[in-house]
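Since the structure comes first, as structure tokens, the remarks are kept for the end.
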Amino acid sequence: MGFLDGKRALIVGVASERSLAWGIARAMHREGAELAFSYQGERLGERVRELASRVGTSRVYPCDVADDGAIDALFRNLEPVWPSLDILVHAVAYAPRQALEGGYLDSVDRDSFRIAHDISAYSFVALGKRARPLLKGRSGALLTLSYLGAVQAIPNYNVMGPAKASLEANVRFMALDLGREGHRVNALSPGPVKTLAASGVTGFRRMLAEVQSRAPLRRNVSLEEVGNAGAFLCSDLASGITGTVLYVDCGYHTVGMSPLVEEPS
Ligand code: 0WE
């Protein structure tokens, strides 16, 4: 008996074994959900198909979330095999590399702002619009992935901050709208995890060290912990929770200052 028995979940955003989307997929599979995946670009197609086979599915479809036609094609591929859907997981973000380092005003420009918001925030709405017909009559759950940079200024996160702020506002407006139909919309806000997206980020190792010294739990969060929180939020165990951002960060966002004395590591 799993707490997601009989649920169908579409996972958008798996790029590797270290992806947050993959952590969520594994937890959902463990709890009995049936899964389907999308991927961006043929280079990732093979990798995602291999990962999908480990959680017992060959439902794997291409989708570039920047393209409404591609989103439509994803659901046209899915509909014949899955006439209904219970869960949509959106774990996609992108800003041009050069916008993610240096001072904010120097690095941001109209193009990087537009791209970051389009791929990281609007794509959740675009997927929600298209998923809506399949959610009809179910108690659906939509989940996206945010980050602390949405609500606090973090060095180098730059234009991704406003993009995640927009994403979190979208969670609230989508929750209000879809709540009429019984669907829930939430976000996770995990602490830093060494994913493919994070591996190119300047100073990422120092960020992990900062969290480890400052977070109440004195460590970083694991992929499994993020996965478990995601599976919970999309399950009936969370039936009263919508429009929220759940921090999965070992408590980091709750403290205002590092411990004043060095602690043995
Ligand atoms: O949201 C993110 C990262 C998202 C991301 C990562 C990349 C790297 C490669 C978006 N766009 C790109 N574009 C690329 O070309 N995180 C929460 C991880 C992350 O990224 C940071 C962080 C953290 C944490 C960037 C700067 C500072 C902190």
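We label chains A, B, ... in the order they appear in the structure tokens, count residues from 1 in each chain, and number ligands from 1 in the order shown.
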
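For segment 129-256 of chain A, the set of residues given strand (DSSP E) by DSSP on the backbone reads A:Ala141, A:Leu142, A:Leu143, A:Thr144, A:Leu145, A:Arg184, A:Val185, A:Asn186, A:Ala187, A:Leu188, A:Ser189, A:Pro190, A:Val245, A:Leu246, A:Tyr247, A:Val248.
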
If we count only C-alpha atoms and set the cut-off at 7 Å, which residues sit around segment 43-56 of chain A, ignoring sequence neighbours fewer than 6 positions away in its own chain? Please answer as a ChimeraX atom specification. /A:14-15,29

File of the preceding selection, C-alpha atoms, as a PDB file, in the first residue's frame:
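And here's again.pdb as it stands now:
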ATOM      1  CA  VAL A  14      14.218  15.065 -15.642  1.00  0.00           C
ATOM      2  CA  ALA A  15      17.700  15.631 -17.119  1.00  0.00           C
ATOM      3  CA  HIS A  29       6.985   5.346  -7.869  1.00  0.00           C
TER       4      HIS A  29
END

Which neighbours of segment 211-217 of chain A fall inside 9 Å, counting only C-alpha atoms, when residues of the same chain fewer than 3 positions from it are skipped, and could you give them as JSON, numbers by chain? {"A": [191, 192, 206, 207, 208, 220, 249, 250, 251, 252, 253, 254, 255, 257, 258, 259, 262, 263, 265]}

Selected residues, C-alpha atoms, written as a compact mmCIF listing (two decimals), in the first residue's frame, please.
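Dumped to out26.txt:
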# COMPACT_ATOMS: atom_id res chain seq x y z
CA GLY A 191 17.91 24.11 -0.40
CA PRO A 192 20.76 23.81 -2.92
CA ARG A 206 30.60 27.45 -1.15
CA MET A 207 26.82 27.70 -1.08
CA LEU A 208 26.54 24.09 0.11
CA ASN A 220 22.28 20.01 3.21
CA ASP A 249 16.01 23.15 3.20
CA CYS A 250 17.00 21.76 6.62
CA GLY A 251 15.50 24.93 8.11
CA TYR A 252 17.95 27.32 6.41
CA HIS A 253 15.30 29.95 5.53
CA THR A 254 14.16 30.24 9.16
CA VAL A 255 17.39 31.58 10.64
CA MET A 257 22.34 34.58 11.44
CA SER A 258 24.99 31.87 11.46
CA PRO A 259 25.94 30.29 14.79
CA GLU A 262 32.63 27.65 15.44
CA GLU A 263 31.21 24.16 15.71
CA SER A 265 32.67 19.49 11.85

Quick one: which segment 153-176 of chain A residues come within 10 Å of segment 121-124 of chain A, and what is the nearest atom pair for each with the distance in Å to one decimal, counting only C-alpha atoms, rows ordered by chain and ascending number, as JSON lines?
{"residue": "A:Met160", "atom": "CA", "partner": "A:Ala121", "partner_atom": "CA", "distance": 9.7}
{"residue": "A:Pro162", "atom": "CA", "partner": "A:Ala121", "partner_atom": "CA", "distance": 9.6}
{"residue": "A:Ala163", "atom": "CA", "partner": "A:Ala121", "partner_atom": "CA", "distance": 6.0}
{"residue": "A:Lys164", "atom": "CA", "partner": "A:Ala121", "partner_atom": "CA", "distance": 6.7}
{"residue": "A:Ala165", "atom": "CA", "partner": "A:Ala121", "partner_atom": "CA", "distance": 8.6}
{"residue": "A:Ser166", "atom": "CA", "partner": "A:Ala121", "partner_atom": "CA", "distance": 6.1}
{"residue": "A:Leu167", "atom": "CA", "partner": "A:Ala121", "partner_atom": "CA", "distance": 4.5}
{"residue": "A:Glu168", "atom": "CA", "partner": "A:Ala121", "partner_atom": "CA", "distance": 8.3}
{"residue": "A:Ala169", "atom": "CA", "partner": "A:Ala121", "partner_atom": "CA", "distance": 9.3}
{"residue": "A:Asn170", "atom": "CA", "partner": "A:Ala121", "partner_atom": "CA", "distance": 7.5}
{"residue": "A:Val171", "atom": "CA", "partner": "A:Phe124", "partner_atom": "CA", "distance": 8.8}
{"residue": "A:Met174", "atom": "CA", "partner": "A:Phe124", "partner_atom": "CA", "distance": 9.6}

All heavy atoms of the current selection, written as a short mmCIF file (atom, residue, chain, number, x, y, z; two decimals), in the first residue's frame:
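The result, stored in selection14.cif:
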data_model
loop_
_atom_site.label_atom_id
_atom_site.label_comp_id
_atom_site.auth_asym_id
_atom_site.auth_seq_id
_atom_site.Cartn_x
_atom_site.Cartn_y
_atom_site.Cartn_z
N MET A 160 17.10 34.94 -12.00
CA MET A 160 16.29 33.79 -11.59
C MET A 160 15.44 34.14 -10.35
O MET A 160 14.42 33.50 -10.10
CB MET A 160 17.16 32.57 -11.31
CG MET A 160 17.56 31.77 -12.55
SD MET A 160 16.15 31.23 -13.55
CE MET A 160 15.24 30.26 -12.37
N PRO A 162 13.67 37.14 -9.58
CA PRO A 162 12.36 37.60 -10.07
C PRO A 162 11.58 36.50 -10.80
O PRO A 162 10.34 36.45 -10.68
CB PRO A 162 12.72 38.73 -11.04
CG PRO A 162 14.07 39.20 -10.63
CD PRO A 162 14.76 38.06 -9.94
N ALA A 163 12.26 35.63 -11.53
CA ALA A 163 11.54 34.56 -12.24
C ALA A 163 10.89 33.59 -11.25
O ALA A 163 9.74 33.17 -11.43
CB ALA A 163 12.48 33.81 -13.18
N LYS A 164 11.61 33.25 -10.17
CA LYS A 164 11.02 32.35 -9.16
C LYS A 164 9.94 33.07 -8.34
O LYS A 164 8.97 32.45 -7.90
CB LYS A 164 12.10 31.81 -8.22
CG LYS A 164 13.05 30.80 -8.87
CD LYS A 164 12.37 29.55 -9.38
CE LYS A 164 13.37 28.42 -9.67
NZ LYS A 164 12.73 27.26 -10.32
N ALA A 165 10.09 34.40 -8.15
CA ALA A 165 9.03 35.17 -7.48
C ALA A 165 7.76 35.10 -8.32
O ALA A 165 6.65 34.92 -7.78
CB ALA A 165 9.48 36.62 -7.27
N SER A 166 7.91 35.24 -9.63
CA SER A 166 6.76 35.13 -10.53
C SER A 166 6.15 33.73 -10.47
O SER A 166 4.93 33.56 -10.41
CB SER A 166 7.20 35.45 -11.97
OG SER A 166 6.19 35.08 -12.88
N LEU A 167 7.02 32.73 -10.45
CA LEU A 167 6.55 31.34 -10.36
C LEU A 167 5.72 31.13 -9.09
O LEU A 167 4.64 30.52 -9.12
CB LEU A 167 7.74 30.38 -10.38
CG LEU A 167 7.41 28.89 -10.28
CD1 LEU A 167 6.65 28.40 -11.51
CD2 LEU A 167 8.69 28.07 -10.09
N GLU A 168 6.20 31.66 -7.95
CA GLU A 168 5.48 31.49 -6.68
C GLU A 168 4.14 32.24 -6.71
O GLU A 168 3.14 31.75 -6.18
CB GLU A 168 6.36 31.92 -5.50
CG GLU A 168 7.53 30.96 -5.30
CD GLU A 168 8.35 31.23 -4.02
OE1 GLU A 168 7.99 32.13 -3.23
OE2 GLU A 168 9.35 30.51 -3.83
N ALA A 169 4.10 33.41 -7.35
CA ALA A 169 2.83 34.13 -7.49
C ALA A 169 1.89 33.32 -8.38
O ALA A 169 0.68 33.24 -8.11
CB ALA A 169 3.06 35.52 -8.06
N ASN A 170 2.44 32.71 -9.41
CA ASN A 170 1.63 31.86 -10.28
C ASN A 170 1.04 30.67 -9.52
O ASN A 170 -0.09 30.26 -9.79
CB ASN A 170 2.46 31.36 -11.47
CG ASN A 170 2.41 32.33 -12.62
OD1 ASN A 170 1.34 32.60 -13.16
ND2 ASN A 170 3.55 32.88 -12.98
N VAL A 171 1.78 30.13 -8.58
CA VAL A 171 1.26 29.04 -7.75
C VAL A 171 -0.02 29.50 -7.03
O VAL A 171 -1.03 28.80 -7.02
CB VAL A 171 2.32 28.56 -6.73
CG1 VAL A 171 1.70 27.68 -5.65
CG2 VAL A 171 3.44 27.80 -7.45
N MET A 174 -2.87 30.18 -9.71
CA MET A 174 -3.35 28.90 -10.28
C MET A 174 -4.13 28.12 -9.22
O MET A 174 -5.14 27.48 -9.53
CB MET A 174 -2.17 28.07 -10.79
CG MET A 174 -1.55 28.64 -12.07
SD MET A 174 0.06 27.92 -12.44
CE MET A 174 -0.40 26.28 -13.02
#

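Neighbours of segment 86-99 of chain A closer than or equal to 6 Å, with only C-alpha atoms counted and sequence neighbours fewer than 4 positions away skipped, come out as Lys7, Arg8, Ala9, Leu10, Ile11, Val12, Gly13, Ala21, Ser107, Val108, Ser112, Ala116, Ile119, Ser120, Gly140, Ala141, Leu142, Leu143, Thr144 and Leu145 of chain A.
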
Output of the above residues as a tab-separated table (two decimals), in the first residue's frame, restricted to all heavy atoms:
chain	number	residue	atom	x	y	z
A	7	LYS	N	-2.55	6.62	-8.72
A	7	LYS	CA	-2.38	7.99	-9.28
A	7	LYS	C	-1.48	7.93	-10.50
A	7	LYS	O	-0.52	7.17	-10.55
A	7	LYS	CB	-1.73	8.91	-8.24
A	7	LYS	CG	-2.50	9.04	-6.94
A	7	LYS	CD	-3.54	10.14	-6.99
A	7	LYS	CE	-4.06	10.44	-5.59
A	7	LYS	NZ	-5.26	11.30	-5.65
A	8	ARG	N	-1.80	8.82	-11.45
A	8	ARG	CA	-0.97	8.98	-12.66
A	8	ARG	C	-0.27	10.32	-12.61
A	8	ARG	O	-0.94	11.36	-12.49
A	8	ARG	CB	-1.83	8.93	-13.90
A	8	ARG	CG	-2.41	7.56	-14.18
A	8	ARG	CD	-3.31	7.68	-15.40
A	8	ARG	NE	-3.78	6.39	-15.85
A	8	ARG	CZ	-4.97	6.20	-16.40
A	8	ARG	NH1	-5.81	7.20	-16.56
A	8	ARG	NH2	-5.32	4.99	-16.79
A	9	ALA	N	1.05	10.29	-12.73
A	9	ALA	CA	1.84	11.52	-12.62
A	9	ALA	C	2.68	11.75	-13.87
A	9	ALA	O	3.43	10.87	-14.30
A	9	ALA	CB	2.74	11.45	-11.39
A	10	LEU	N	2.58	12.96	-14.42
A	10	LEU	CA	3.44	13.39	-15.53
A	10	LEU	C	4.57	14.25	-14.94
A	10	LEU	O	4.29	15.24	-14.26
A	10	LEU	CB	2.64	14.19	-16.55
A	10	LEU	CG	3.46	14.89	-17.65
A	10	LEU	CD1	4.23	13.88	-18.51
A	10	LEU	CD2	2.54	15.75	-18.54
A	11	ILE	N	5.80	13.84	-15.21
A	11	ILE	CA	6.97	14.52	-14.66
A	11	ILE	C	7.71	15.25	-15.78
A	11	ILE	O	8.20	14.61	-16.71
A	11	ILE	CB	7.95	13.50	-14.02
A	11	ILE	CG1	7.21	12.43	-13.19
A	11	ILE	CG2	9.04	14.21	-13.22
A	11	ILE	CD1	6.87	12.80	-11.81
A	12	VAL	N	7.81	16.56	-15.65
A	12	VAL	CA	8.50	17.39	-16.66
A	12	VAL	C	9.76	17.96	-16.02
A	12	VAL	O	9.67	18.68	-15.01
A	12	VAL	CB	7.58	18.53	-17.14
A	12	VAL	CG1	8.31	19.43	-18.14
A	12	VAL	CG2	6.30	17.97	-17.74
A	13	GLY	N	10.93	17.61	-16.55
A	13	GLY	CA	12.16	18.23	-16.03
A	13	GLY	C	13.24	17.27	-15.58
A	13	GLY	O	14.19	17.69	-14.91
A	21	ALA	N	13.54	16.45	-10.22
A	21	ALA	CA	12.38	15.76	-10.81
A	21	ALA	C	12.53	14.24	-10.69
A	21	ALA	O	11.55	13.52	-10.51
A	21	ALA	CB	12.22	16.16	-12.28
A	107	SER	N	24.29	42.26	-15.03
A	107	SER	CA	24.09	40.99	-15.75
A	107	SER	C	22.70	40.88	-16.39
A	107	SER	O	22.53	40.16	-17.36
A	107	SER	CB	24.31	39.81	-14.80
A	107	SER	OG	23.18	39.62	-13.98
A	108	VAL	N	21.71	41.58	-15.82
A	108	VAL	CA	20.34	41.41	-16.34
A	108	VAL	C	20.14	42.28	-17.57
A	108	VAL	O	20.67	43.39	-17.65
A	108	VAL	CB	19.29	41.73	-15.23
A	108	VAL	CG1	19.27	43.22	-14.90
A	108	VAL	CG2	17.90	41.26	-15.64
A	112	SER	N	17.49	38.26	-21.26
A	112	SER	CA	17.64	37.24	-20.22
A	112	SER	C	16.44	37.28	-19.27
A	112	SER	O	16.00	36.25	-18.78
A	112	SER	CB	18.95	37.44	-19.45
A	112	SER	OG	19.01	38.68	-18.83
A	116	ALA	N	14.19	33.96	-18.89
A	116	ALA	CA	14.11	33.37	-17.54
A	116	ALA	C	12.65	33.25	-17.10
A	116	ALA	O	12.24	32.22	-16.55
A	116	ALA	CB	14.91	34.20	-16.53
A	119	ILE	N	10.68	30.53	-19.52
A	119	ILE	CA	10.98	29.11	-19.29
A	119	ILE	C	10.73	28.71	-17.84
A	119	ILE	O	10.27	27.60	-17.56
A	119	ILE	CB	12.46	28.79	-19.62
A	119	ILE	CG1	12.83	29.28	-21.02
A	119	ILE	CG2	12.74	27.29	-19.47
A	119	ILE	CD1	12.07	28.63	-22.14
A	120	SER	N	11.02	29.59	-16.89
A	120	SER	CA	10.99	29.19	-15.48
A	120	SER	C	9.65	29.44	-14.81
A	120	SER	O	9.35	28.81	-13.80
A	120	SER	CB	12.09	29.94	-14.71
A	120	SER	OG	13.31	29.91	-15.42
A	140	GLY	N	-6.83	16.77	-8.71
A	140	GLY	CA	-5.48	16.91	-9.28
A	140	GLY	C	-4.53	17.63	-8.35
A	140	GLY	O	-4.95	18.38	-7.46
A	141	ALA	N	-3.24	17.39	-8.57
A	141	ALA	CA	-2.20	18.10	-7.83
A	141	ALA	C	-1.11	18.55	-8.79
A	141	ALA	O	-0.55	17.74	-9.53
A	141	ALA	CB	-1.61	17.21	-6.74
A	142	LEU	N	-0.86	19.85	-8.79
A	142	LEU	CA	0.22	20.41	-9.61
A	142	LEU	C	1.33	20.84	-8.67
A	142	LEU	O	1.08	21.44	-7.61
A	142	LEU	CB	-0.28	21.62	-10.41
A	142	LEU	CG	-1.00	21.33	-11.74
A	142	LEU	CD1	-2.23	20.47	-11.52
A	142	LEU	CD2	-1.38	22.64	-12.43
A	143	LEU	N	2.57	20.57	-9.08
A	143	LEU	CA	3.72	20.88	-8.23
A	143	LEU	C	4.82	21.52	-9.06
A	143	LEU	O	5.13	21.06	-10.17
A	143	LEU	CB	4.27	19.60	-7.60
A	143	LEU	CG	5.47	19.79	-6.65
A	143	LEU	CD1	5.02	20.41	-5.34
A	143	LEU	CD2	6.18	18.46	-6.39
A	144	THR	N	5.42	22.58	-8.53
A	144	THR	CA	6.58	23.16	-9.19
A	144	THR	C	7.72	23.32	-8.19
A	144	THR	O	7.54	23.09	-6.99
A	144	THR	CB	6.23	24.50	-9.88
A	144	THR	OG1	7.34	24.94	-10.67
A	144	THR	CG2	5.88	25.58	-8.86
A	145	LEU	N	8.89	23.69	-8.69
A	145	LEU	CA	10.10	23.80	-7.87
A	145	LEU	C	10.57	25.24	-7.85
A	145	LEU	O	10.86	25.80	-8.90
A	145	LEU	CB	11.21	22.92	-8.44
A	145	LEU	CG	11.28	21.43	-8.11
A	145	LEU	CD1	11.66	21.22	-6.66
A	145	LEU	CD2	9.97	20.72	-8.40

Between atom CA of Leu135 of chain A and atom CA of Arg184 of chain A, what is the distance in Å, rounded to a tenth?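 According to the coordinates, atom CA of Leu135 of chain A and atom CA of Arg184 of chain A are separated by 10.8 Å.
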
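Relative to atom CA of Thr202 of chain A, atom 24 (C, counted along the ligand's line) of ligand 1 is found at 10.0 Å.
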
So, with only C-alpha atoms and all ligand atoms as the atoms that count, which of A:Gly149, A:Gly240, A:Gly227, A:Gly128 lies closest to ligand 1?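 When distances to ligand 1 are compared using only C-alpha atoms and all ligand atoms, the smallest one comes from A:Gly149.
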
Counting only C-alpha atoms, the residue among A:Gln152, A:Asn158, A:Asn186, A:Ser84 that lies closest to Gly137 of chain A is A:Ser84

Determine which residues of segment 55-117 of chain A DSSP labels as alpha helix (DSSP H) from the backbone of this structure, then write them out as number ranges by chain. A: 68-78, 104-107, 110-117

Find the distance between atom CA of Glu79 of chain A and atom CA of Arg132 of chain A and write it in Å to one decimal. 12.0 Å
